[in-house]
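Visitor: Quick one: the structure is below, and I'll ask about it shortly.
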Amino acid sequence: MKVIIVAGGPADELPDFSISPEALFIGVDAGTVELLERGIRPAAAIGDFDSVSAGQFERIKRIFPDLEPAAAEKDETDTELALAEALTHQPETVIITGVTGGRLDHYMSALHALYDYQLSYPQIQFFLINKQNRIRFLEAGSHAIQRDSRYRYISFYPFAEEIKRFSLSGFKYEVLDETIPFGSTRFISNELGSAGVVSFMEGNCIMIESADE
């Protein structure tokens, strides 16, 4: 099961949903309206809905008559509430989109939520995606990576702490037992053959797959 969480960021940043016809969708605030505009009926609508008009909210309520908006003042973000909802569907993959291209505080909170959920539920793959990029977190260990023709470039960054004994094989620029200090930008814009392996012994790594527009 793949669950796609669609938040209310700029619509032109959203990926092509037609490549995931089997996915279950969760709308977050104005992201619910965008799904409906695209002819997609979400399985759930989450949020305080402070970014939709009265008419748009009535449209959502016709589909979800029992919907109760979340409190505007709360400890969790709307995206975190949607992640909790996604887990109830026992997913193998969870994708967050609609959180880039607009407010950077929303993007950063979604990125940190993604990190927390990936650590807490390592059996699930979590991604943050827009039309040009796919972000995921890798924990210490060895990870087989398959080339995806949609993304030419692959970059690696430490998250919160340095990465130790970092190695890449099967990439254009191979690496053996390197240390990546926090704040380093050295390991960007690599390229993958048909498949490769990323491995490291300590730390947490952000892997960003990107395409030129």
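In the structure tokens, chains take letters A, B, ... by order of appearance, with residues numbered from 1 within each chain and ligands from 1 in the order shown.
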Identify, on the basis of only C-alpha atoms, every residue whose closest approach to A:Ile46 does not exceed 7 Å; exclude the query and any residue fewer than 3 positions from it along the same chain; express the result as a ChimeraX atom specification.
Guide: /A:27-29,78,81-82
Visitor: Skipping near chain neighbours, those fewer than 4 positions away, what residues fall within 8 Å of stretch 181-190 of chain A using only C-alpha atoms, listed as a PDB file with all heavy atoms, in the first residue's frame?
Guide:
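Produced file result22.pdb, reproduced below:
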```pdb
ATOM      1  N   TYR A 153      20.305  13.310 -10.888  1.00  0.00           N
ATOM      2  CA  TYR A 153      21.323  13.656  -9.889  1.00  0.00           C
ATOM      3  C   TYR A 153      20.938  13.129  -8.513  1.00  0.00           C
ATOM      4  O   TYR A 153      19.768  13.129  -8.138  1.00  0.00           O
ATOM      5  CB  TYR A 153      21.501  15.171  -9.824  1.00  0.00           C
ATOM      6  CG  TYR A 153      21.861  15.785 -11.155  1.00  0.00           C
ATOM      7  CD1 TYR A 153      20.920  16.516 -11.879  1.00  0.00           C
ATOM      8  CD2 TYR A 153      23.125  15.618 -11.700  1.00  0.00           C
ATOM      9  CE1 TYR A 153      21.240  17.070 -13.110  1.00  0.00           C
ATOM     10  CE2 TYR A 153      23.452  16.166 -12.933  1.00  0.00           C
ATOM     11  CZ  TYR A 153      22.504  16.889 -13.629  1.00  0.00           C
ATOM     12  OH  TYR A 153      22.817  17.427 -14.852  1.00  0.00           O
ATOM     13  N   ILE A 154      21.956  12.709  -7.760  1.00  0.00           N
ATOM     14  CA  ILE A 154      21.735  12.219  -6.399  1.00  0.00           C
ATOM     15  C   ILE A 154      22.745  12.888  -5.479  1.00  0.00           C
ATOM     16  O   ILE A 154      23.953  12.887  -5.754  1.00  0.00           O
ATOM     17  CB  ILE A 154      21.876  10.683  -6.317  1.00  0.00           C
ATOM     18  CG1 ILE A 154      20.917  10.003  -7.297  1.00  0.00           C
ATOM     19  CG2 ILE A 154      21.601  10.217  -4.897  1.00  0.00           C
ATOM     20  CD1 ILE A 154      20.953   8.490  -7.236  1.00  0.00           C
ATOM     21  N   SER A 155      22.240  13.461  -4.397  1.00  0.00           N
ATOM     22  CA  SER A 155      23.087  14.172  -3.445  1.00  0.00           C
ATOM     23  C   SER A 155      22.880  13.612  -2.044  1.00  0.00           C
ATOM     24  O   SER A 155      21.816  13.078  -1.731  1.00  0.00           O
ATOM     25  CB  SER A 155      22.759  15.669  -3.452  1.00  0.00           C
ATOM     26  OG  SER A 155      22.934  16.226  -4.741  1.00  0.00           O
ATOM     27  N   PHE A 156      23.909  13.768  -1.222  1.00  0.00           N
ATOM     28  CA  PHE A 156      23.885  13.217   0.136  1.00  0.00           C
ATOM     29  C   PHE A 156      24.326  14.293   1.131  1.00  0.00           C
ATOM     30  O   PHE A 156      25.327  14.981   0.918  1.00  0.00           O
ATOM     31  CB  PHE A 156      24.826  12.006   0.249  1.00  0.00           C
ATOM     32  CG  PHE A 156      24.502  10.906  -0.717  1.00  0.00           C
ATOM     33  CD1 PHE A 156      25.112  10.858  -1.967  1.00  0.00           C
ATOM     34  CD2 PHE A 156      23.581   9.922  -0.393  1.00  0.00           C
ATOM     35  CE1 PHE A 156      24.811   9.840  -2.877  1.00  0.00           C
ATOM     36  CE2 PHE A 156      23.267   8.905  -1.292  1.00  0.00           C
ATOM     37  CZ  PHE A 156      23.887   8.874  -2.531  1.00  0.00           C
ATOM     38  N   TYR A 157      23.560  14.406   2.212  1.00  0.00           N
ATOM     39  CA  TYR A 157      23.865  15.372   3.261  1.00  0.00           C
ATOM     40  C   TYR A 157      23.694  14.698   4.630  1.00  0.00           C
ATOM     41  O   TYR A 157      22.752  13.929   4.832  1.00  0.00           O
ATOM     42  CB  TYR A 157      22.903  16.567   3.211  1.00  0.00           C
ATOM     43  CG  TYR A 157      22.925  17.358   1.941  1.00  0.00           C
ATOM     44  CD1 TYR A 157      22.076  17.020   0.887  1.00  0.00           C
ATOM     45  CD2 TYR A 157      23.776  18.444   1.782  1.00  0.00           C
ATOM     46  CE1 TYR A 157      22.081  17.750  -0.287  1.00  0.00           C
ATOM     47  CE2 TYR A 157      23.789  19.187   0.606  1.00  0.00           C
ATOM     48  CZ  TYR A 157      22.943  18.832  -0.426  1.00  0.00           C
ATOM     49  OH  TYR A 157      22.938  19.545  -1.594  1.00  0.00           O
ATOM     50  N   PRO A 158      24.581  15.014   5.570  1.00  0.00           N
ATOM     51  CA  PRO A 158      24.328  14.545   6.937  1.00  0.00           C
ATOM     52  C   PRO A 158      23.188  15.323   7.552  1.00  0.00           C
ATOM     53  O   PRO A 158      22.967  16.494   7.217  1.00  0.00           O
ATOM     54  CB  PRO A 158      25.659  14.837   7.655  1.00  0.00           C
ATOM     55  CG  PRO A 158      26.265  15.956   6.883  1.00  0.00           C
ATOM     56  CD  PRO A 158      25.822  15.790   5.460  1.00  0.00           C
ATOM     57  N   PHE A 159      22.440  14.680   8.413  1.00  0.00           N
ATOM     58  CA  PHE A 159      21.323  15.338   9.094  1.00  0.00           C
ATOM     59  C   PHE A 159      21.618  15.380  10.581  1.00  0.00           C
ATOM     60  O   PHE A 159      21.628  14.338  11.248  1.00  0.00           O
ATOM     61  CB  PHE A 159      20.012  14.598   8.831  1.00  0.00           C
ATOM     62  CG  PHE A 159      18.788  15.366   9.254  1.00  0.00           C
ATOM     63  CD1 PHE A 159      18.348  16.441   8.505  1.00  0.00           C
ATOM     64  CD2 PHE A 159      18.080  15.024  10.392  1.00  0.00           C
ATOM     65  CE1 PHE A 159      17.229  17.168   8.883  1.00  0.00           C
ATOM     66  CE2 PHE A 159      16.956  15.731  10.782  1.00  0.00           C
ATOM     67  CZ  PHE A 159      16.527  16.808  10.023  1.00  0.00           C
ATOM     68  N   ALA A 160      21.931  16.562  11.085  1.00  0.00           N
ATOM     69  CA  ALA A 160      22.129  16.834  12.510  1.00  0.00           C
ATOM     70  C   ALA A 160      23.473  16.357  13.060  1.00  0.00           C
ATOM     71  O   ALA A 160      23.926  16.858  14.073  1.00  0.00           O
ATOM     72  CB  ALA A 160      20.994  16.240  13.360  1.00  0.00           C
ATOM     73  N   GLU A 161      24.109  15.408  12.412  1.00  0.00           N
ATOM     74  CA  GLU A 161      25.388  14.896  12.910  1.00  0.00           C
ATOM     75  C   GLU A 161      26.201  14.372  11.742  1.00  0.00           C
ATOM     76  O   GLU A 161      25.682  14.130  10.662  1.00  0.00           O
ATOM     77  CB  GLU A 161      25.147  13.773  13.917  1.00  0.00           C
ATOM     78  CG  GLU A 161      24.350  12.604  13.350  1.00  0.00           C
ATOM     79  CD  GLU A 161      24.047  11.536  14.375  1.00  0.00           C
ATOM     80  OE1 GLU A 161      24.790  11.444  15.367  1.00  0.00           O
ATOM     81  OE2 GLU A 161      23.071  10.795  14.189  1.00  0.00           O
ATOM     82  N   GLU A 162      27.521  14.235  11.954  1.00  0.00           N
ATOM     83  CA  GLU A 162      28.356  13.775  10.864  1.00  0.00           C
ATOM     84  C   GLU A 162      28.098  12.304  10.539  1.00  0.00           C
ATOM     85  O   GLU A 162      27.592  11.540  11.369  1.00  0.00           O
ATOM     86  CB  GLU A 162      29.832  13.982  11.197  1.00  0.00           C
ATOM     87  CG  GLU A 162      30.393  13.086  12.276  1.00  0.00           C
ATOM     88  CD  GLU A 162      31.881  13.320  12.503  1.00  0.00           C
ATOM     89  OE1 GLU A 162      32.416  14.316  11.979  1.00  0.00           O
ATOM     90  OE2 GLU A 162      32.495  12.500  13.201  1.00  0.00           O
ATOM     91  N   ILE A 163      28.429  11.941   9.316  1.00  0.00           N
ATOM     92  CA  ILE A 163      28.299  10.572   8.847  1.00  0.00           C
ATOM     93  C   ILE A 163      29.691   9.958   8.769  1.00  0.00           C
ATOM     94  O   ILE A 163      30.619  10.573   8.226  1.00  0.00           O
ATOM     95  CB  ILE A 163      27.618  10.531   7.459  1.00  0.00           C
ATOM     96  CG1 ILE A 163      26.192  11.056   7.555  1.00  0.00           C
ATOM     97  CG2 ILE A 163      27.626   9.113   6.890  1.00  0.00           C
ATOM     98  CD1 ILE A 163      25.539  11.267   6.212  1.00  0.00           C
ATOM     99  N   PHE A 171      28.214   4.342  -8.525  1.00  0.00           N
ATOM    100  CA  PHE A 171      27.950   5.735  -8.866  1.00  0.00           C
ATOM    101  C   PHE A 171      29.065   6.270  -9.768  1.00  0.00           C
ATOM    102  O   PHE A 171      30.150   5.702  -9.841  1.00  0.00           O
ATOM    103  CB  PHE A 171      27.864   6.595  -7.602  1.00  0.00           C
ATOM    104  CG  PHE A 171      26.600   6.398  -6.806  1.00  0.00           C
ATOM    105  CD1 PHE A 171      26.431   5.267  -6.008  1.00  0.00           C
ATOM    106  CD2 PHE A 171      25.584   7.332  -6.846  1.00  0.00           C
ATOM    107  CE1 PHE A 171      25.271   5.078  -5.278  1.00  0.00           C
ATOM    108  CE2 PHE A 171      24.420   7.152  -6.104  1.00  0.00           C
ATOM    109  CZ  PHE A 171      24.258   6.027  -5.328  1.00  0.00           C
ATOM    110  N   LYS A 172      28.782   7.388 -10.433  1.00  0.00           N
ATOM    111  CA  LYS A 172      29.792   8.020 -11.279  1.00  0.00           C
ATOM    112  C   LYS A 172      31.027   8.384 -10.469  1.00  0.00           C
ATOM    113  O   LYS A 172      32.158   8.189 -10.909  1.00  0.00           O
ATOM    114  CB  LYS A 172      29.202   9.271 -11.946  1.00  0.00           C
ATOM    115  CG  LYS A 172      30.150   9.980 -12.891  1.00  0.00           C
ATOM    116  CD  LYS A 172      29.456  11.157 -13.570  1.00  0.00           C
ATOM    117  CE  LYS A 172      30.399  11.863 -14.548  1.00  0.00           C
ATOM    118  NZ  LYS A 172      29.703  13.001 -15.219  1.00  0.00           N
ATOM    119  N   TYR A 173      30.790   8.921  -9.282  1.00  0.00           N
ATOM    120  CA  TYR A 173      31.890   9.247  -8.370  1.00  0.00           C
ATOM    121  C   TYR A 173      31.789   8.317  -7.172  1.00  0.00           C
ATOM    122  O   TYR A 173      30.913   8.489  -6.317  1.00  0.00           O
ATOM    123  CB  TYR A 173      31.805  10.707  -7.936  1.00  0.00           C
ATOM    124  CG  TYR A 173      31.751  11.683  -9.095  1.00  0.00           C
ATOM    125  CD1 TYR A 173      30.557  12.305  -9.453  1.00  0.00           C
ATOM    126  CD2 TYR A 173      32.892  11.958  -9.842  1.00  0.00           C
ATOM    127  CE1 TYR A 173      30.500  13.187 -10.522  1.00  0.00           C
ATOM    128  CE2 TYR A 173      32.854  12.828 -10.920  1.00  0.00           C
ATOM    129  CZ  TYR A 173      31.653  13.438 -11.251  1.00  0.00           C
ATOM    130  OH  TYR A 173      31.597  14.307 -12.320  1.00  0.00           O
TER     131      TYR A 173
END
```
Visitor: Determine, counting only C-alpha atoms, which protein, DNA and RNA residues have an atom within 10 Å of an atom of A:Leu83; residues of the same chain fewer than 2 positions away are not included. Present the result as a ChimeraX atom specification.
Guide: /A:3-5,26,46,77-81,85-88,94-96,110,113-114,117,126
Visitor: Output the selection as a tab-separated table (two decimals), in the first residue's frame - N, CA and C atoms for each residue.
Guide:
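New file out39.tsv:
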```
chain	number	residue	atom	x	y	z
A	3	VAL	N	0.65	5.38	0.35
A	3	VAL	CA	-0.20	6.48	0.78
A	3	VAL	C	0.49	7.79	0.39
A	4	ILE	N	-0.24	8.67	-0.28
A	4	ILE	CA	0.29	9.97	-0.69
A	4	ILE	C	-0.45	11.06	0.07
A	5	ILE	N	0.30	11.83	0.84
A	5	ILE	CA	-0.23	12.95	1.62
A	5	ILE	C	-0.01	14.22	0.80
A	26	ILE	N	-4.41	11.22	0.95
A	26	ILE	CA	-4.90	11.95	2.11
A	26	ILE	C	-4.70	13.43	1.81
A	46	ILE	N	-7.60	16.06	6.33
A	46	ILE	CA	-7.00	16.36	7.63
A	46	ILE	C	-6.66	17.85	7.68
A	77	THR	N	1.58	19.53	13.73
A	77	THR	CA	1.21	20.20	12.49
A	77	THR	C	0.15	19.36	11.78
A	78	ASP	N	-0.52	19.98	10.80
A	78	ASP	CA	-1.49	19.22	10.01
A	78	ASP	C	-0.83	18.04	9.30
A	79	THR	N	0.41	18.23	8.84
A	79	THR	CA	1.12	17.14	8.16
A	79	THR	C	1.38	15.99	9.11
A	80	GLU	N	1.72	16.28	10.36
A	80	GLU	CA	1.92	15.21	11.34
A	80	GLU	C	0.63	14.46	11.60
A	81	LEU	N	-0.49	15.18	11.67
A	81	LEU	CA	-1.78	14.50	11.83
A	81	LEU	C	-2.05	13.58	10.64
A	85	GLU	N	-2.58	9.46	10.39
A	85	GLU	CA	-3.68	8.84	9.65
A	85	GLU	C	-3.14	7.84	8.64
A	86	ALA	N	-2.05	8.17	7.98
A	86	ALA	CA	-1.47	7.27	6.97
A	86	ALA	C	-1.11	5.93	7.59
A	87	LEU	N	-0.61	5.93	8.80
A	87	LEU	CA	-0.19	4.68	9.45
A	87	LEU	C	-1.36	3.74	9.69
A	88	THR	N	-2.57	4.27	9.82
A	88	THR	CA	-3.73	3.41	10.06
A	88	THR	C	-4.04	2.53	8.85
A	94	VAL	N	5.04	5.82	2.26
A	94	VAL	CA	4.30	7.05	2.52
A	94	VAL	C	5.03	8.20	1.84
A	95	ILE	N	4.31	8.98	1.06
A	95	ILE	CA	4.86	10.12	0.34
A	95	ILE	C	4.19	11.39	0.84
A	96	ILE	N	4.99	12.40	1.13
A	96	ILE	CA	4.48	13.73	1.46
A	96	ILE	C	4.78	14.65	0.28
A	110	ALA	N	7.88	19.62	7.87
A	110	ALA	CA	7.59	18.35	7.19
A	110	ALA	C	8.84	17.49	7.10
A	113	ALA	N	9.47	16.02	10.51
A	113	ALA	CA	8.48	14.97	10.79
A	113	ALA	C	8.82	13.71	10.02
A	114	LEU	N	9.25	13.87	8.77
A	114	LEU	CA	9.65	12.72	7.96
A	114	LEU	C	10.79	11.96	8.63
A	117	TYR	N	9.47	10.05	11.74
A	117	TYR	CA	8.68	8.88	11.39
A	117	TYR	C	9.54	7.78	10.78
A	126	PHE	N	9.54	6.34	3.75
A	126	PHE	CA	8.94	7.67	3.74
A	126	PHE	C	9.70	8.55	2.75
```
Visitor: Among stretch 79-211 of chain A, which residues does DSSP mark as strand (DSSP E or B) when it is run on the backbone? Keep the chain and numbering as in the structure and answer as a VMD selection string.
Guide: chain A and resid 93 to 97 125 to 129 133 to 146 153 to 158 163 to 171 175 to 180 190 to 210
Visitor: Residues at most 12 Å from A:Arg150, counting only C-alpha atoms, excluding those fewer than 3 positions away in the same chain, as a list of chain:residue names?
Guide: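 Close residues of A:Arg150: A:Pro15, A:Asp16, A:Ile19, A:Asn130, A:Lys131, A:Gln132, A:Asn133, A:Arg134, A:Gln146, A:Arg147, A:Tyr153, A:Ile154, A:Leu192, A:Glu209, A:Ser210, A:Ala211, A:Asp212, A:Glu213.
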Visitor: Just write the chosen residues, N, CA and C atoms, as a JSON list (two decimals), in the first residue's frame.
Guide:
```
[["chain", "number", "residue", "atom", "x", "y", "z"],
["A", 15, "PRO", "N", 3.93, 16.58, -7.93],
["A", 15, "PRO", "CA", 4.36, 15.61, -8.93],
["A", 15, "PRO", "C", 3.18, 15.11, -9.75],
["A", 16, "ASP", "N", 3.48, 14.29, -10.73],
["A", 16, "ASP", "CA", 2.46, 13.67, -11.57],
["A", 16, "ASP", "C", 1.86, 12.48, -10.82],
["A", 19, "ILE", "N", 1.36, 8.44, -12.13],
["A", 19, "ILE", "CA", 2.31, 7.34, -12.05],
["A", 19, "ILE", "C", 2.05, 6.46, -10.82],
["A", 130, "ASN", "N", 8.49, 16.54, -4.73],
["A", 130, "ASN", "CA", 7.82, 17.52, -5.57],
["A", 130, "ASN", "C", 8.09, 17.15, -7.03],
["A", 131, "LYS", "N", 7.81, 18.03, -7.97],
["A", 131, "LYS", "CA", 7.88, 17.64, -9.37],
["A", 131, "LYS", "C", 9.31, 17.43, -9.86],
["A", 132, "GLN", "N", 10.31, 17.91, -9.10],
["A", 132, "GLN", "CA", 11.69, 17.75, -9.53],
["A", 132, "GLN", "C", 12.56, 16.96, -8.58],
["A", 133, "ASN", "N", 12.08, 16.68, -7.38],
["A", 133, "ASN", "CA", 12.95, 16.11, -6.35],
["A", 133, "ASN", "C", 12.24, 15.04, -5.54],
["A", 134, "ARG", "N", 13.05, 14.12, -5.02],
["A", 134, "ARG", "CA", 12.57, 13.11, -4.09],
["A", 134, "ARG", "C", 13.59, 13.02, -2.96],
["A", 146, "GLN", "N", 18.31, 1.67, -6.76],
["A", 146, "GLN", "CA", 18.06, 1.44, -8.18],
["A", 146, "GLN", "C", 17.93, 2.78, -8.90],
["A", 147, "ARG", "N", 18.46, 2.85, -10.09],
["A", 147, "ARG", "CA", 18.36, 4.08, -10.87],
["A", 147, "ARG", "C", 16.91, 4.34, -11.26],
["A", 153, "TYR", "N", 20.30, 13.31, -10.89],
["A", 153, "TYR", "CA", 21.32, 13.66, -9.89],
["A", 153, "TYR", "C", 20.94, 13.13, -8.51],
["A", 154, "ILE", "N", 21.96, 12.71, -7.76],
["A", 154, "ILE", "CA", 21.73, 12.22, -6.40],
["A", 154, "ILE", "C", 22.75, 12.89, -5.48],
["A", 192, "LEU", "N", 24.03, 7.96, -10.89],
["A", 192, "LEU", "CA", 23.97, 6.53, -10.67],
["A", 192, "LEU", "C", 23.90, 5.79, -11.99],
["A", 209, "GLU", "N", 17.23, 12.97, -4.64],
["A", 209, "GLU", "CA", 17.29, 12.66, -6.07],
["A", 209, "GLU", "C", 16.61, 13.81, -6.82],
["A", 210, "SER", "N", 17.29, 14.36, -7.84],
["A", 210, "SER", "CA", 16.81, 15.57, -8.48],
["A", 210, "SER", "C", 16.89, 15.49, -9.99],
["A", 211, "ALA", "N", 16.06, 16.32, -10.63],
["A", 211, "ALA", "CA", 16.07, 16.45, -12.08],
["A", 211, "ALA", "C", 16.09, 17.92, -12.43],
["A", 212, "ASP", "N", 16.74, 18.26, -13.55],
["A", 212, "ASP", "CA", 16.61, 19.60, -14.09],
["A", 212, "ASP", "C", 15.20, 19.77, -14.63],
["A", 213, "GLU", "N", 14.65, 20.96, -14.49],
["A", 213, "GLU", "CA", 13.28, 21.18, -14.95],
["A", 213, "GLU", "C", 13.23, 21.20, -16.47]]
```
Visitor: Looking at only C-alpha atoms, which of A:Val6, A:Ala45, A:Val198, A:Ile124 is the one that sits closest to A:Gly170?
Guide: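 Smallest distance to A:Gly170 is found for A:Val198.
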Visitor: Record the distance separating atom CA of A:Thr93 and atom CA of A:Asp116, expressed in Å with one decimal.
Guide: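 That distance, rounded to one decimal, is 15.1 Å.
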Visitor: Enumerate, as a list in words, the complete set of residues in stretch 106-148 of chain A that a backbone-based DSSP assignment places in alpha helix (DSSP H).
Guide: His106, Tyr107, Met108, Ser109, Ala110, Leu111, His112, Ala113, Leu114, Tyr115, Asp116, Tyr117, Gln118, Leu119 and Ser120 of chain A
Visitor: Would you export the selected residues with all heavy atoms as a compact mmCIF listing (two decimals), in the first residue's frame, please?
Guide:
```txt
# COMPACT_ATOMS: atom_id res chain seq x y z
N HIS A 106 6.93 25.49 6.78
CA HIS A 106 6.15 24.27 6.53
C HIS A 106 7.05 23.17 5.96
O HIS A 106 6.92 22.00 6.34
CB HIS A 106 5.02 24.57 5.54
CG HIS A 106 3.92 25.38 6.15
ND1 HIS A 106 2.88 25.90 5.40
CD2 HIS A 106 3.68 25.76 7.43
CE1 HIS A 106 2.05 26.56 6.19
NE2 HIS A 106 2.51 26.49 7.42
N TYR A 107 7.94 23.54 5.06
CA TYR A 107 8.86 22.55 4.49
C TYR A 107 9.75 21.96 5.57
O TYR A 107 9.93 20.74 5.66
CB TYR A 107 9.72 23.19 3.40
CG TYR A 107 10.94 22.39 3.04
CD1 TYR A 107 10.82 21.15 2.41
CD2 TYR A 107 12.21 22.85 3.35
CE1 TYR A 107 11.94 20.40 2.10
CE2 TYR A 107 13.33 22.11 3.04
CZ TYR A 107 13.20 20.87 2.41
OH TYR A 107 14.30 20.13 2.12
N MET A 108 10.34 22.81 6.42
CA MET A 108 11.24 22.31 7.46
C MET A 108 10.52 21.43 8.46
O MET A 108 11.05 20.41 8.91
CB MET A 108 11.93 23.48 8.17
CG MET A 108 12.97 24.20 7.32
SD MET A 108 14.33 23.09 6.81
CE MET A 108 15.11 22.79 8.40
N SER A 109 9.30 21.81 8.84
CA SER A 109 8.56 20.97 9.79
C SER A 109 8.22 19.62 9.17
O SER A 109 8.28 18.58 9.83
CB SER A 109 7.29 21.68 10.28
OG SER A 109 6.37 21.86 9.23
N ALA A 110 7.88 19.62 7.87
CA ALA A 110 7.59 18.35 7.19
C ALA A 110 8.84 17.49 7.10
O ALA A 110 8.79 16.26 7.29
CB ALA A 110 7.03 18.61 5.80
N LEU A 111 10.00 18.11 6.83
CA LEU A 111 11.25 17.36 6.75
C LEU A 111 11.59 16.72 8.09
O LEU A 111 11.98 15.55 8.16
CB LEU A 111 12.37 18.29 6.29
CG LEU A 111 13.72 17.64 6.03
CD1 LEU A 111 13.65 16.69 4.83
CD2 LEU A 111 14.79 18.70 5.80
N HIS A 112 11.43 17.46 9.16
CA HIS A 112 11.73 16.91 10.49
C HIS A 112 10.73 15.84 10.89
O HIS A 112 11.10 14.84 11.52
CB HIS A 112 11.77 18.04 11.52
CG HIS A 112 13.05 18.82 11.51
ND1 HIS A 112 13.33 19.76 10.54
CD2 HIS A 112 14.12 18.78 12.33
CE1 HIS A 112 14.53 20.27 10.78
NE2 HIS A 112 15.03 19.69 11.85
N ALA A 113 9.47 16.02 10.51
CA ALA A 113 8.48 14.97 10.79
C ALA A 113 8.82 13.71 10.02
O ALA A 113 8.69 12.59 10.55
CB ALA A 113 7.08 15.47 10.43
N LEU A 114 9.25 13.87 8.77
CA LEU A 114 9.65 12.72 7.96
C LEU A 114 10.79 11.96 8.63
O LEU A 114 10.79 10.73 8.70
CB LEU A 114 10.07 13.21 6.58
CG LEU A 114 10.25 12.15 5.49
CD1 LEU A 114 8.90 11.74 4.93
CD2 LEU A 114 11.14 12.69 4.37
N TYR A 115 11.77 12.70 9.12
CA TYR A 115 12.91 12.09 9.82
C TYR A 115 12.46 11.31 11.05
O TYR A 115 12.86 10.16 11.26
CB TYR A 115 13.88 13.21 10.21
CG TYR A 115 15.01 12.80 11.13
CD1 TYR A 115 16.05 12.01 10.68
CD2 TYR A 115 15.03 13.22 12.46
CE1 TYR A 115 17.10 11.64 11.52
CE2 TYR A 115 16.07 12.86 13.31
CZ TYR A 115 17.10 12.07 12.83
OH TYR A 115 18.11 11.71 13.67
N ASP A 116 11.59 11.92 11.84
CA ASP A 116 11.12 11.27 13.06
C ASP A 116 10.34 9.99 12.75
O ASP A 116 10.54 8.95 13.39
CB ASP A 116 10.24 12.24 13.85
CG ASP A 116 9.76 11.66 15.16
OD1 ASP A 116 10.60 11.22 15.96
OD2 ASP A 116 8.54 11.64 15.39
N TYR A 117 9.47 10.05 11.74
CA TYR A 117 8.68 8.88 11.39
C TYR A 117 9.54 7.78 10.78
O TYR A 117 9.31 6.59 11.02
CB TYR A 117 7.55 9.26 10.44
CG TYR A 117 6.27 9.61 11.17
CD1 TYR A 117 6.13 10.83 11.80
CD2 TYR A 117 5.21 8.71 11.25
CE1 TYR A 117 4.96 11.16 12.48
CE2 TYR A 117 4.05 9.02 11.92
CZ TYR A 117 3.93 10.24 12.54
OH TYR A 117 2.77 10.56 13.22
N GLN A 118 10.56 8.16 10.00
CA GLN A 118 11.43 7.13 9.42
C GLN A 118 12.20 6.39 10.50
O GLN A 118 12.38 5.17 10.43
CB GLN A 118 12.39 7.75 8.42
CG GLN A 118 13.19 6.72 7.62
CD GLN A 118 12.31 5.83 6.76
OE1 GLN A 118 11.90 6.22 5.68
NE2 GLN A 118 12.01 4.62 7.22
N LEU A 119 12.64 7.12 11.53
CA LEU A 119 13.32 6.47 12.65
C LEU A 119 12.37 5.58 13.44
O LEU A 119 12.75 4.48 13.88
CB LEU A 119 13.93 7.52 13.58
CG LEU A 119 15.16 8.28 13.10
CD1 LEU A 119 15.64 9.22 14.20
CD2 LEU A 119 16.29 7.33 12.71
N SER A 120 11.15 6.04 13.61
CA SER A 120 10.19 5.30 14.45
C SER A 120 9.59 4.10 13.72
O SER A 120 9.22 3.12 14.37
CB SER A 120 9.06 6.23 14.89
OG SER A 120 9.55 7.31 15.66
```
Visitor: For A:Gly203, which residue among A:Glu139, A:Asp105, A:Glu174, A:Asp148 is the nearest when counting only C-alpha atoms?
Guide: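 Among the listed residues, the smallest separation from A:Gly203 belongs to A:Glu139.
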Visitor: Just checking: using only C-alpha atoms, which residue out of A:Thr97, A:Ser53, A:Asp48, A:Leu36 ends up closest to A:Glu76?
Guide: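 Counting only C-alpha atoms, the residue closest to A:Glu76 is A:Asp48.
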Visitor: Work out how far atom CA of A:Gly98 is from atom CA of A:Gly8, in Å to one decimal.
Guide: 5.5 Å
Visitor: Here is a test: counting only C-alpha atoms, which residue of A:Ala44, A:Ile63, A:Ala84, A:Ile145 is nearest to A:Leu24?
Guide: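 With only C-alpha atoms as the atom set, the closest residue is A:Ala44.
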